[in-house]
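Colleague: You'll find data_17.cif just under this line, and it carries mmCIF, C-alpha atoms.
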```
data_entry
#
loop_
_atom_site.group_PDB
_atom_site.id
_atom_site.type_symbol
_atom_site.label_atom_id
_atom_site.label_comp_id
_atom_site.auth_asym_id
_atom_site.auth_seq_id
_atom_site.Cartn_x
_atom_site.Cartn_y
_atom_site.Cartn_z
ATOM 1 C CA MET T 1 13.443 187.283 -50.797
ATOM 2 C CA ASP T 2 12.757 186.021 -47.305
ATOM 3 C CA LYS T 3 15.640 185.062 -45.125
ATOM 4 C CA ALA T 4 16.217 181.340 -44.769
ATOM 5 C CA VAL T 5 15.389 179.903 -41.387
ATOM 6 C CA HIS T 6 18.663 179.159 -39.641
ATOM 7 C CA THR T 7 18.863 176.889 -36.677
ATOM 8 C CA GLU T 8 20.181 178.478 -33.516
ATOM 9 C CA SER T 9 23.438 176.579 -33.809
ATOM 10 C CA GLU T 10 23.903 177.635 -37.440
ATOM 11 C CA ALA T 11 23.213 181.289 -36.579
ATOM 12 C CA ALA T 12 25.770 181.089 -33.760
ATOM 13 C CA LEU T 13 28.300 179.454 -36.094
ATOM 14 C CA ILE T 14 27.796 182.202 -38.698
ATOM 15 C CA ASP T 15 28.408 184.880 -36.037
ATOM 16 C CA ASP T 16 31.576 183.112 -34.920
ATOM 17 C CA LEU T 17 32.800 182.801 -38.515
ATOM 18 C CA LYS T 18 32.177 186.514 -39.057
ATOM 19 C CA ARG T 19 34.368 187.190 -36.019
ATOM 20 C CA GLY T 20 37.117 185.031 -37.528
ATOM 21 C CA ASP T 21 37.025 182.519 -34.674
ATOM 22 C CA SER T 22 39.486 179.762 -35.558
ATOM 23 C CA LEU T 23 37.628 177.045 -33.622
ATOM 24 C CA ALA T 24 34.450 177.902 -35.529
ATOM 25 C CA TYR T 25 36.342 177.549 -38.808
ATOM 26 C CA ARG T 26 37.700 174.195 -37.692
ATOM 27 C CA LYS T 27 34.161 172.971 -36.945
ATOM 28 C CA ALA T 28 32.768 174.393 -40.191
ATOM 29 C CA VAL T 29 35.546 172.817 -42.272
ATOM 30 C CA ARG T 30 34.851 169.440 -40.661
ATOM 31 C CA ASP T 31 31.062 169.662 -41.007
ATOM 32 C CA TYR T 32 30.677 171.295 -44.419
ATOM 33 C CA SER T 33 33.712 170.182 -46.456
ATOM 34 C CA PRO T 34 32.521 166.621 -47.244
ATOM 35 C CA ALA T 35 29.497 167.907 -49.149
ATOM 36 C CA MET T 36 31.531 170.742 -50.719
ATOM 37 C CA LEU T 37 33.907 168.084 -52.037
ATOM 38 C CA SER T 38 30.920 166.142 -53.440
ATOM 39 C CA VAL T 39 29.899 169.247 -55.371
ATOM 40 C CA ALA T 40 33.428 169.918 -56.645
ATOM 41 C CA ARG T 41 33.974 166.298 -57.664
ATOM 42 C CA PHE T 42 30.893 166.450 -59.868
ATOM 43 C CA TYR T 43 32.817 168.904 -62.038
ATOM 44 C CA LEU T 44 36.503 168.159 -61.501
ATOM 45 C CA ASP T 45 39.005 165.406 -60.697
ATOM 46 C CA HIS T 46 39.733 164.708 -57.011
ATOM 47 C CA SER T 47 42.895 166.739 -56.688
ATOM 48 C CA SER T 48 41.470 169.832 -58.452
ATOM 49 C CA ALA T 49 38.289 169.447 -56.385
ATOM 50 C CA GLU T 50 40.255 169.563 -53.138
ATOM 51 C CA GLU T 51 42.150 172.636 -54.329
ATOM 52 C CA ILE T 52 38.880 174.392 -55.222
ATOM 53 C CA VAL T 53 37.373 173.618 -51.795
ATOM 54 C CA GLN T 54 40.490 175.004 -50.091
ATOM 55 C CA ASP T 55 40.309 178.167 -52.225
ATOM 56 C CA CYS T 56 36.605 178.527 -51.435
ATOM 57 C CA TRP T 57 37.224 178.443 -47.695
ATOM 58 C CA VAL T 58 39.866 181.152 -48.071
ATOM 59 C CA THR T 59 37.303 183.231 -50.012
ATOM 60 C CA VAL T 60 34.711 182.560 -47.305
ATOM 61 C CA ILE T 61 36.891 184.240 -44.646
ATOM 62 C CA ASP T 62 36.115 187.616 -46.306
ATOM 63 C CA ALA T 63 32.859 186.775 -48.082
ATOM 64 C CA ILE T 64 31.098 185.629 -44.902
ATOM 65 C CA GLN T 65 30.898 189.312 -43.835
ATOM 66 C CA LYS T 66 28.477 189.869 -46.708
ATOM 67 C CA PHE T 67 26.478 186.699 -46.085
ATOM 68 C CA GLU T 68 22.941 187.928 -45.548
ATOM 69 C CA GLY T 69 21.322 184.606 -44.795
ATOM 70 C CA ARG T 70 19.016 184.506 -47.837
ATOM 71 C CA SER T 71 19.848 180.832 -48.110
ATOM 72 C CA GLY T 72 21.176 178.348 -45.560
ATOM 73 C CA LEU T 73 24.931 178.360 -44.954
ATOM 74 C CA LYS T 74 25.255 174.937 -46.611
ATOM 75 C CA THR T 75 23.513 176.055 -49.816
ATOM 76 C CA TRP T 76 25.552 179.274 -49.898
ATOM 77 C CA LEU T 77 28.832 177.347 -49.567
ATOM 78 C CA HIS T 78 27.798 174.856 -52.238
ATOM 79 C CA ARG T 79 26.951 177.627 -54.680
ATOM 80 C CA ILE T 80 30.365 179.212 -54.149
ATOM 81 C CA VAL T 81 32.042 175.867 -54.898
ATOM 82 C CA ALA T 82 29.835 175.188 -57.944
ATOM 83 C CA ASN T 83 30.428 178.658 -59.420
ATOM 84 C CA ARG T 84 34.164 178.377 -58.975
ATOM 85 C CA CYS T 85 34.179 174.925 -60.607
ATOM 86 C CA LYS T 86 32.088 176.172 -63.535
ATOM 87 C CA ASN T 87 34.534 179.064 -64.047
ATOM 88 C CA THR T 88 37.454 176.643 -63.989
ATOM 89 C CA LEU T 89 35.762 174.427 -66.586
ATOM 90 C CA ARG T 90 34.889 177.427 -68.755
ATOM 91 C CA SER T 91 38.415 178.795 -68.687
ATOM 92 C CA SER T 92 39.800 175.446 -69.780
ATOM 93 C CA ASN T 93 37.004 174.851 -72.309
ATOM 94 C CA ARG T 94 35.965 171.620 -70.668
ATOM 95 C CA GLU T 95 32.538 170.337 -69.798
ATOM 96 C CA VAL T 96 31.065 167.565 -67.667
ATOM 97 C CA ALA T 97 30.099 164.618 -69.861
ATOM 98 C CA THR T 98 27.281 162.552 -68.373
ATOM 99 C CA ASP T 99 24.932 160.066 -69.938
ATOM 100 C CA PHE T 100 21.334 160.888 -69.055
ATOM 101 C CA SER T 101 19.750 158.820 -71.814
ATOM 102 C CA GLU T 102 19.030 155.533 -70.006
ATOM 103 C CA SER T 103 17.098 155.384 -66.767
ATOM 104 C CA LEU T 104 17.919 151.715 -66.103
ATOM 105 C CA GLU T 105 21.324 150.308 -65.203
ATOM 106 C CA PRO T 106 22.314 147.776 -67.923
ATOM 107 C CA GLU T 107 22.615 145.024 -65.302
ATOM 108 C CA LEU T 108 18.989 145.593 -64.295
ATOM 109 C CA ALA T 109 17.694 146.264 -67.835
ATOM 110 C CA ASN T 110 18.972 142.807 -68.867
ATOM 111 C CA ARG T 111 16.706 141.152 -66.326
ATOM 112 C CA PHE T 112 13.515 141.850 -68.342
ATOM 113 C CA ASN T 113 12.283 139.872 -71.349
ATOM 114 C CA SER T 114 11.157 141.379 -74.646
ATOM 115 C CA THR T 115 7.574 141.806 -73.394
ATOM 116 C CA GLY T 116 8.823 143.930 -70.453
ATOM 117 C CA ARG T 117 8.207 141.299 -67.777
ATOM 118 C CA TRP T 118 10.795 140.128 -65.264
ATOM 119 C CA ASP T 119 13.041 137.347 -66.575
ATOM 120 C CA LEU T 120 15.198 137.391 -63.470
ATOM 121 C CA PRO T 121 13.050 138.913 -60.737
ATOM 122 C CA PRO T 122 14.484 139.936 -57.374
ATOM 123 C CA LYS T 123 14.782 136.659 -55.465
ATOM 124 C CA LEU T 124 14.941 137.868 -51.906
ATOM 125 C CA LYS T 125 13.113 140.494 -49.941
ATOM 126 C CA PHE T 126 15.453 142.687 -47.949
ATOM 127 C CA HIS T 127 13.600 141.602 -44.837
ATOM 128 C CA GLU T 128 15.815 143.301 -42.342
ATOM 129 C CA SER T 129 15.526 147.001 -41.729
ATOM 130 C CA ALA T 130 18.221 149.286 -43.071
ATOM 131 C CA ASP T 131 19.533 149.842 -39.543
ATOM 132 C CA THR T 132 19.872 146.101 -38.846
ATOM 133 C CA LEU T 133 21.597 145.584 -42.172
ATOM 134 C CA MET T 134 24.014 148.409 -41.395
ATOM 135 C CA GLU T 135 25.075 146.709 -38.185
ATOM 136 C CA LYS T 136 26.821 144.153 -40.347
ATOM 137 C CA GLY T 137 30.265 145.626 -40.751
ATOM 138 C CA ALA T 138 30.921 143.794 -44.002
ATOM 139 C CA LEU T 139 27.889 145.399 -45.647
ATOM 140 C CA SER T 140 29.009 148.819 -44.514
ATOM 141 C CA ASP T 141 32.462 148.224 -46.052
ATOM 142 C CA CYS T 142 30.785 146.980 -49.217
ATOM 143 C CA LEU T 143 28.619 150.083 -49.385
ATOM 144 C CA ASP T 144 31.729 152.241 -49.009
ATOM 145 C CA LYS T 145 33.362 150.408 -51.883
ATOM 146 C CA HIS T 146 30.341 150.748 -54.170
ATOM 147 C CA LEU T 147 29.665 154.369 -53.308
ATOM 148 C CA SER T 148 33.224 155.262 -54.181
ATOM 149 C CA ALA T 149 32.927 153.309 -57.440
ATOM 150 C CA LEU T 150 29.839 155.272 -58.589
ATOM 151 C CA PRO T 151 30.402 157.715 -61.452
ATOM 152 C CA GLU T 152 31.118 161.125 -59.880
ATOM 153 C CA SER T 153 27.942 162.652 -61.307
ATOM 154 C CA GLN T 154 25.766 159.974 -59.696
ATOM 155 C CA ARG T 155 27.608 160.087 -56.416
ATOM 156 C CA SER T 156 27.404 163.890 -56.154
ATOM 157 C CA ALA T 157 23.660 163.846 -56.875
ATOM 158 C CA LEU T 158 23.110 161.050 -54.364
ATOM 159 C CA MET T 159 25.210 162.700 -51.647
ATOM 160 C CA LEU T 160 23.592 166.109 -51.998
ATOM 161 C CA TYR T 161 20.033 164.793 -52.244
ATOM 162 C CA GLU T 162 20.087 161.864 -49.831
ATOM 163 C CA ALA T 163 22.967 162.345 -47.420
ATOM 164 C CA HIS T 164 23.002 166.141 -47.212
ATOM 165 C CA GLN T 165 19.244 166.483 -47.805
ATOM 166 C CA HIS T 166 19.230 169.342 -50.259
ATOM 167 C CA LYS T 167 15.953 170.055 -52.058
ATOM 168 C CA SER T 168 15.868 168.893 -55.710
ATOM 169 C CA GLU T 169 15.779 172.507 -56.867
ATOM 170 C CA ASP T 170 18.990 173.317 -54.970
ATOM 171 C CA VAL T 171 20.791 170.219 -56.277
ATOM 172 C CA CYS T 172 19.825 171.176 -59.851
ATOM 173 C CA ASN T 173 21.156 174.715 -59.347
ATOM 174 C CA ILE T 174 24.367 173.576 -57.722
ATOM 175 C CA LEU T 175 25.113 170.851 -60.277
ATOM 176 C CA ASP T 176 23.681 172.837 -63.185
ATOM 177 C CA ILE T 177 21.433 170.022 -64.399
ATOM 178 C CA SER T 178 17.729 169.813 -65.236
ATOM 179 C CA ALA T 179 15.201 168.261 -62.848
ATOM 180 C CA SER T 180 14.704 165.279 -65.168
ATOM 181 C CA ASN T 181 18.451 164.663 -65.416
ATOM 182 C CA LEU T 182 18.720 164.752 -61.630
ATOM 183 C CA ARG T 183 16.005 162.075 -61.482
ATOM 184 C CA VAL T 184 18.049 159.882 -63.874
ATOM 185 C CA LEU T 185 21.246 160.283 -61.832
ATOM 186 C CA LEU T 186 19.466 159.462 -58.566
ATOM 187 C CA HIS T 187 17.648 156.461 -59.984
ATOM 188 C CA ARG T 188 20.794 155.019 -61.575
ATOM 189 C CA ALA T 189 22.761 155.434 -58.343
ATOM 190 C CA ARG T 190 19.994 153.843 -56.257
ATOM 191 C CA GLN T 191 19.792 150.870 -58.632
ATOM 192 C CA ARG T 192 23.522 150.277 -58.210
ATOM 193 C CA ILE T 193 23.120 150.237 -54.434
ATOM 194 C CA PHE T 194 20.098 147.907 -54.813
ATOM 195 C CA LEU T 195 22.140 145.515 -56.995
ATOM 196 C CA MET T 196 25.009 145.620 -54.510
ATOM 197 C CA VAL T 197 22.762 144.773 -51.510
ATOM 198 C CA GLU T 198 21.075 142.017 -53.525
ATOM 199 C CA THR T 199 24.410 140.375 -54.355
ATOM 200 C CA PHE T 200 25.510 140.773 -50.754
ATOM 201 C CA GLN T 201 22.338 139.176 -49.404
ATOM 202 C CA GLU T 202 22.439 136.294 -51.858
ATOM 203 C CA SER T 203 26.105 135.407 -51.718
ATOM 204 C CA GLY T 204 27.551 137.304 -48.752
ATOM 205 C CA GLU T 205 30.047 138.713 -51.224
ATOM 206 C CA CYS T 206 30.691 142.278 -52.172
ATOM 207 C CA MET Y 207 -0.458 149.208 -69.792
ATOM 208 C CA LEU Y 208 2.478 149.569 -67.429
ATOM 209 C CA MET Y 209 4.849 146.608 -67.617
ATOM 210 C CA CYS Y 210 7.461 145.549 -65.045
ATOM 211 C CA ARG Y 211 10.308 147.189 -66.965
ATOM 212 C CA GLY Y 212 8.363 150.447 -67.249
ATOM 213 C CA LEU Y 213 7.697 150.359 -63.526
ATOM 214 C CA ALA Y 214 11.382 149.742 -62.763
ATOM 215 C CA GLU Y 215 12.215 152.809 -64.858
ATOM 216 C CA ILE Y 216 10.042 155.109 -62.743
ATOM 217 C CA ALA Y 217 10.349 153.380 -59.360
ATOM 218 C CA SER Y 218 12.431 156.181 -57.795
ATOM 219 C CA ASP Y 219 9.927 158.792 -58.941
ATOM 220 C CA TYR Y 220 7.155 156.696 -57.356
ATOM 221 C CA ILE Y 221 9.074 156.385 -54.072
ATOM 222 C CA ASP Y 222 9.815 160.134 -53.963
ATOM 223 C CA GLY Y 223 6.223 161.090 -54.837
ATOM 224 C CA GLU Y 224 7.267 162.693 -58.130
ATOM 225 C CA LEU Y 225 4.668 160.985 -60.375
ATOM 226 C CA ASN Y 226 1.437 162.580 -61.549
ATOM 227 C CA GLY Y 227 -1.889 161.131 -60.388
ATOM 228 C CA ARG Y 228 -2.431 158.899 -63.417
ATOM 229 C CA GLN Y 229 1.107 157.440 -63.355
ATOM 230 C CA ASN Y 230 0.873 156.930 -59.615
ATOM 231 C CA LEU Y 231 -2.390 155.028 -59.986
ATOM 232 C CA SER Y 232 -1.004 152.762 -62.701
ATOM 233 C CA VAL Y 233 2.019 151.941 -60.508
ATOM 234 C CA LYS Y 234 -0.269 151.127 -57.576
ATOM 235 C CA LEU Y 235 -2.480 148.880 -59.759
ATOM 236 C CA HIS Y 236 0.551 147.074 -61.151
ATOM 237 C CA LEU Y 237 1.982 146.548 -57.652
ATOM 238 C CA MET Y 238 -1.301 145.015 -56.509
ATOM 239 C CA MET Y 239 -0.968 142.372 -59.212
ATOM 240 C CA CYS Y 240 2.809 141.782 -59.358
ATOM 241 C CA ARG Y 241 4.739 140.420 -56.400
ATOM 242 C CA HIS Y 242 8.101 140.685 -58.186
ATOM 243 C CA CYS Y 243 7.642 144.426 -58.590
ATOM 244 C CA ARG Y 244 6.449 144.721 -54.985
ATOM 245 C CA THR Y 245 9.702 143.056 -53.910
ATOM 246 C CA PHE Y 246 11.705 145.303 -56.238
ATOM 247 C CA VAL Y 247 10.146 148.539 -54.982
ATOM 248 C CA GLY Y 248 10.424 147.393 -51.344
ATOM 249 C CA ASN Y 249 14.081 146.476 -51.824
ATOM 250 C CA LEU Y 250 14.845 149.728 -53.626
ATOM 251 C CA ARG Y 251 13.259 151.606 -50.731
ATOM 252 C CA THR Y 252 15.424 149.692 -48.230
ATOM 253 C CA SER Y 253 18.500 150.453 -50.361
ATOM 254 C CA ILE Y 254 17.709 154.173 -50.152
ATOM 255 C CA HIS Y 255 17.329 154.015 -46.363
ATOM 256 C CA LEU Y 256 20.541 152.051 -46.185
ATOM 257 C CA MET Y 257 22.374 154.712 -48.132
ATOM 258 C CA LYS Y 258 20.990 157.412 -45.842
ATOM 259 C CA ALA Y 259 21.953 155.449 -42.729
ATOM 260 C CA HIS Y 260 25.470 155.047 -44.036
ATOM 261 C CA SER Y 261 27.331 157.924 -42.536
ATOM 262 C CA SER Y 262 30.843 157.141 -43.632
ATOM 263 C CA ALA Y 263 30.570 159.178 -46.790
ATOM 264 C CA HIS Y 264 33.196 161.538 -45.455
ATOM 265 C CA PRO Y 265 36.424 162.014 -47.323
ATOM 266 C CA ASP Y 266 39.553 160.717 -45.681
ATOM 267 C CA ALA Y 267 40.979 162.537 -42.706
ATOM 268 C CA ASP Y 268 44.031 163.706 -44.672
ATOM 269 C CA VAL Y 269 41.901 165.730 -47.070
ATOM 270 C CA LEU Y 270 40.126 167.463 -44.175
ATOM 271 C CA ARG Y 271 43.447 168.090 -42.418
ATOM 272 C CA ARG Y 272 44.882 169.757 -45.512
ATOM 273 C CA ILE Y 273 41.804 171.972 -45.916
ATOM 274 C CA ASP Y 274 41.942 172.853 -42.226
ATOM 275 C CA ALA Y 275 45.643 173.732 -42.437
ATOM 276 C CA ARG Y 276 45.062 176.024 -45.414
ATOM 277 C CA VAL Y 277 42.173 177.823 -43.663
ATOM 278 C CA THR Y 278 44.179 178.223 -40.435
ATOM 279 C CA GLU Y 279 47.051 179.701 -42.416
ATOM 280 C CA ALA Y 280 44.743 182.136 -44.257
ATOM 281 C CA LEU Y 281 43.080 183.171 -40.980
ATOM 282 C CA SER Y 282 46.437 183.844 -39.300
ATOM 283 C CA ALA Y 283 47.608 185.842 -42.321
ATOM 284 C CA LYS Y 284 44.455 187.931 -42.167
ATOM 285 C CA LYS Y 285 44.805 188.502 -38.425
ATOM 286 C CA SER Y 286 48.478 189.459 -38.626
ATOM 287 C CA GLY Y 287 47.665 191.751 -41.548
ATOM 288 C CA LYS Y 288 45.065 193.464 -39.390
ATOM 289 C CA SER Y 289 47.378 193.855 -36.415
ATOM 290 C CA ASN Y 290 50.066 195.342 -38.710
ATOM 291 C CA ASP Y 291 47.514 197.893 -39.908
ATOM 292 C CA GLU Y 292 46.627 198.885 -36.356
#
```
Just give me the structure as structure tokens.

Modeller:
Amino acid sequence: MDKAVHTESEAALIDDLKRGDSLAYRKAVRDYSPAMLSVARFYLDHSSAEEIVQDCWVTVIDAIQKFEGRSGLKTWLHRIVANRCKNTLRSSNREVATDFSESLEPELANRFNSTGRWDLPPKLKFHESADTLMEKGALSDCLDKHLSALPESQRSALMLYEAHQHKSEDVCNILDISASNLRVLLHRARQRIFLMVETFQESGEC
Amino acid sequence: MLMCRGLAEIASDYIDGELNGRQNLSVKLHLMMCRHCRTFVGNLRTSIHLMKAHSSAHPDADVLRRIDARVTEALSAKKSGKSNDE
């Protein structure tokens, strides 16, 4: 397998981690832990997820010596977290229960009539650009609230795919789901954000 | 024929370029004729950009501090172990 292309800064960080540089670990923990927590929270409750991420970092201190760079550092870290979570679930005979059967959020599905046409179409265009909308502090707070209210499975998929820009194939491997199930999780999460922005634009309320 | 509900079901796949040629064409044809669906797809696209622009998806500072403390402790233990060996 070819080596992944690492940016100069990532290659330098990996060298520093291999040397056990504590400042490098501090930077890596700050930069990589949020997404590692997203992975762990797909499988486990918040407190177990934090414990797993801590354990993974302790493992990384030794394991980084064997890191050959076949994947990016981020993907490598996420696989370590996912594998550890899967082992934890296996040893306690639990599994992640997620509903992949419906691609529409009920709140949106109810807005079509029996012939499949819009009964309650979107009233407003989100005229402003995403950046302009984000400048409104209240919307940002509202987004925070709704993102944290998403089911963990949807939020993990959304974070890894959109915020941390993993390829679909990597997200499927890390979360152990099929490509079509990833599409359902992403679409459901995006609809919830759409519904939230729509309510916010119409009523100014979150 | 693709109806509005059917389009809403596959709108993310359309936005991400995940549809096959035939599905893509039927979405495009529908969008030419239906302003409600044009608004929906446009708004969904803005929602996605909004999510990406939202950078506060980080866990709270306490969680990061606890992880950092554990790593620092493990690093020190490893270093002192090494110096004991030497």

Colleague: Going by the chain IDs and residue numbers used in this file, which residues fall under the PyMOL selection byres ((chain T) within 7 of (chain Y))? Write them as a PyMOL selection string.

Modeller: chain T and resi 22+26+29-30+34+54+57-58+103-104+112+116-118+121-122+125-126+130-131+134+162-163+187+190+193-194

Colleague: Please produce an output containing C-alpha atoms for each residue in the selection, written as a PDB file, in the coordinates of the input.

Modeller:
```pdb
ATOM      1  CA  SER T  22      39.486 179.762 -35.558  1.00  0.00           C
ATOM      2  CA  ARG T  26      37.700 174.195 -37.692  1.00  0.00           C
ATOM      3  CA  VAL T  29      35.546 172.817 -42.272  1.00  0.00           C
ATOM      4  CA  ARG T  30      34.851 169.440 -40.661  1.00  0.00           C
ATOM      5  CA  PRO T  34      32.521 166.621 -47.244  1.00  0.00           C
ATOM      6  CA  GLN T  54      40.490 175.004 -50.091  1.00  0.00           C
ATOM      7  CA  TRP T  57      37.224 178.443 -47.695  1.00  0.00           C
ATOM      8  CA  VAL T  58      39.866 181.152 -48.071  1.00  0.00           C
ATOM      9  CA  SER T 103      17.098 155.384 -66.767  1.00  0.00           C
ATOM     10  CA  LEU T 104      17.919 151.715 -66.103  1.00  0.00           C
ATOM     11  CA  PHE T 112      13.515 141.850 -68.342  1.00  0.00           C
ATOM     12  CA  GLY T 116       8.823 143.930 -70.453  1.00  0.00           C
ATOM     13  CA  ARG T 117       8.207 141.299 -67.777  1.00  0.00           C
ATOM     14  CA  TRP T 118      10.795 140.128 -65.264  1.00  0.00           C
ATOM     15  CA  PRO T 121      13.050 138.913 -60.737  1.00  0.00           C
ATOM     16  CA  PRO T 122      14.484 139.936 -57.374  1.00  0.00           C
ATOM     17  CA  LYS T 125      13.113 140.494 -49.941  1.00  0.00           C
ATOM     18  CA  PHE T 126      15.453 142.687 -47.949  1.00  0.00           C
ATOM     19  CA  ALA T 130      18.221 149.286 -43.071  1.00  0.00           C
ATOM     20  CA  ASP T 131      19.533 149.842 -39.543  1.00  0.00           C
ATOM     21  CA  MET T 134      24.014 148.409 -41.395  1.00  0.00           C
ATOM     22  CA  GLU T 162      20.087 161.864 -49.831  1.00  0.00           C
ATOM     23  CA  ALA T 163      22.967 162.345 -47.420  1.00  0.00           C
ATOM     24  CA  HIS T 187      17.648 156.461 -59.984  1.00  0.00           C
ATOM     25  CA  ARG T 190      19.994 153.843 -56.257  1.00  0.00           C
ATOM     26  CA  ILE T 193      23.120 150.237 -54.434  1.00  0.00           C
ATOM     27  CA  PHE T 194      20.098 147.907 -54.813  1.00  0.00           C
TER      28      PHE T 194
END
```

Colleague: Could you check which of T:Arg111, T:Lys167, T:Lys86, T:Lys123 is closest to Leu44 of chain T, using only C-alpha atoms?

Modeller: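 For Leu44 of chain T, the nearest of the given residues is T:Lys86.
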
Colleague: Just need the box for segment 194-200 of chain T, edges along x, y and z, holding every atom the file lists for it with 5 Å tacked onto each side, so centre and edge lengths in Å to one decimal, as JSON.

Modeller:
```
{"center_x": 22.8, "center_y": 144.1, "center_z": -53.9, "size_x": 15.4, "size_y": 17.5, "size_z": 16.2}
```

Colleague: May I ask for the distance between atom CA of Ala179 of chain T and atom CA of Leu108 of chain T, given in Å to one decimal place?

Modeller: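 Calculated distance between atom CA of Ala179 of chain T and atom CA of Leu108 of chain T is 23.0 Å.
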
Colleague: Need the shell around Asp45 of chain T: protein/DNA/RNA residues with any atom at most 12 Å away, counting only C-alpha atoms. Skip same-chain ones fewer than 2 positions apart. Format as JSON, numbers by chain?

Modeller: {"T": [37, 38, 39, 40, 41, 42, 43, 47, 48, 49, 50, 51, 52, 85, 88, 89, 96, 151, 152, 153]}

Colleague: One number please: atom CA of Trp76 of chain T to atom CA of Phe100 of chain T, in Å, one decimal.

Modeller: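 Going from atom CA of Trp76 of chain T over to atom CA of Phe100 of chain T, I get 26.9 Å.
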
Colleague: How many Å separate atom CA of Leu73 of chain T from atom CA of Met36 of chain T?

Modeller: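 A separation of 11.6 Å between them.
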
Colleague: Taking (22.0, 158.7, -67.4) in the file's coordinates, which residues come within 12 Å, counting only C-alpha atoms, written as a PDB file with C-alpha atoms, keeping the file's coordinate frame?

Modeller:
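So point36.pdb came out as:
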```pdb
ATOM      1  CA  ALA T  97      30.099 164.618 -69.861  1.00  0.00           C
ATOM      2  CA  THR T  98      27.281 162.552 -68.373  1.00  0.00           C
ATOM      3  CA  ASP T  99      24.932 160.066 -69.938  1.00  0.00           C
ATOM      4  CA  PHE T 100      21.334 160.888 -69.055  1.00  0.00           C
ATOM      5  CA  SER T 101      19.750 158.820 -71.814  1.00  0.00           C
ATOM      6  CA  GLU T 102      19.030 155.533 -70.006  1.00  0.00           C
ATOM      7  CA  SER T 103      17.098 155.384 -66.767  1.00  0.00           C
ATOM      8  CA  LEU T 104      17.919 151.715 -66.103  1.00  0.00           C
ATOM      9  CA  GLU T 105      21.324 150.308 -65.203  1.00  0.00           C
ATOM     10  CA  PRO T 106      22.314 147.776 -67.923  1.00  0.00           C
ATOM     11  CA  PRO T 151      30.402 157.715 -61.452  1.00  0.00           C
ATOM     12  CA  SER T 153      27.942 162.652 -61.307  1.00  0.00           C
ATOM     13  CA  GLN T 154      25.766 159.974 -59.696  1.00  0.00           C
ATOM     14  CA  ALA T 157      23.660 163.846 -56.875  1.00  0.00           C
ATOM     15  CA  ILE T 177      21.433 170.022 -64.399  1.00  0.00           C
ATOM     16  CA  SER T 180      14.704 165.279 -65.168  1.00  0.00           C
ATOM     17  CA  ASN T 181      18.451 164.663 -65.416  1.00  0.00           C
ATOM     18  CA  LEU T 182      18.720 164.752 -61.630  1.00  0.00           C
ATOM     19  CA  ARG T 183      16.005 162.075 -61.482  1.00  0.00           C
ATOM     20  CA  VAL T 184      18.049 159.882 -63.874  1.00  0.00           C
ATOM     21  CA  LEU T 185      21.246 160.283 -61.832  1.00  0.00           C
ATOM     22  CA  LEU T 186      19.466 159.462 -58.566  1.00  0.00           C
ATOM     23  CA  HIS T 187      17.648 156.461 -59.984  1.00  0.00           C
ATOM     24  CA  ARG T 188      20.794 155.019 -61.575  1.00  0.00           C
ATOM     25  CA  ALA T 189      22.761 155.434 -58.343  1.00  0.00           C
ATOM     26  CA  GLN T 191      19.792 150.870 -58.632  1.00  0.00           C
TER      27      GLN T 191
ATOM     28  CA  GLU Y 215      12.215 152.809 -64.858  1.00  0.00           C
TER      29      GLU Y 215
END
```

Colleague: Between T:Ala28, T:Leu124, T:Met196, T:Ala109, which one has atoms that come closest to Leu147 of chain T, using all atoms listed in the file?

Modeller: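 Closest to Leu147 of chain T, using all atoms listed in the file: T:Met196.
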
Colleague: From the set Y:Cys240, Y:Val233, Y:Ala283, Y:Met207, which residue has the shortest atom-to-atom contact distance to Tyr220 of chain Y, counting all atoms listed in the file?

Modeller: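 Between Y:Cys240, Y:Val233, Y:Ala283, Y:Met207, the residue approaching Tyr220 of chain Y most closely is Y:Val233.
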
Colleague: Taking (22.0, 169.2, -53.7) in the file's coordinates, which residues come within 7 Å, counting only C-alpha atoms, written as a ChimeraX atom specification?

Modeller: /T:157,160-161,166-168,170-172,174
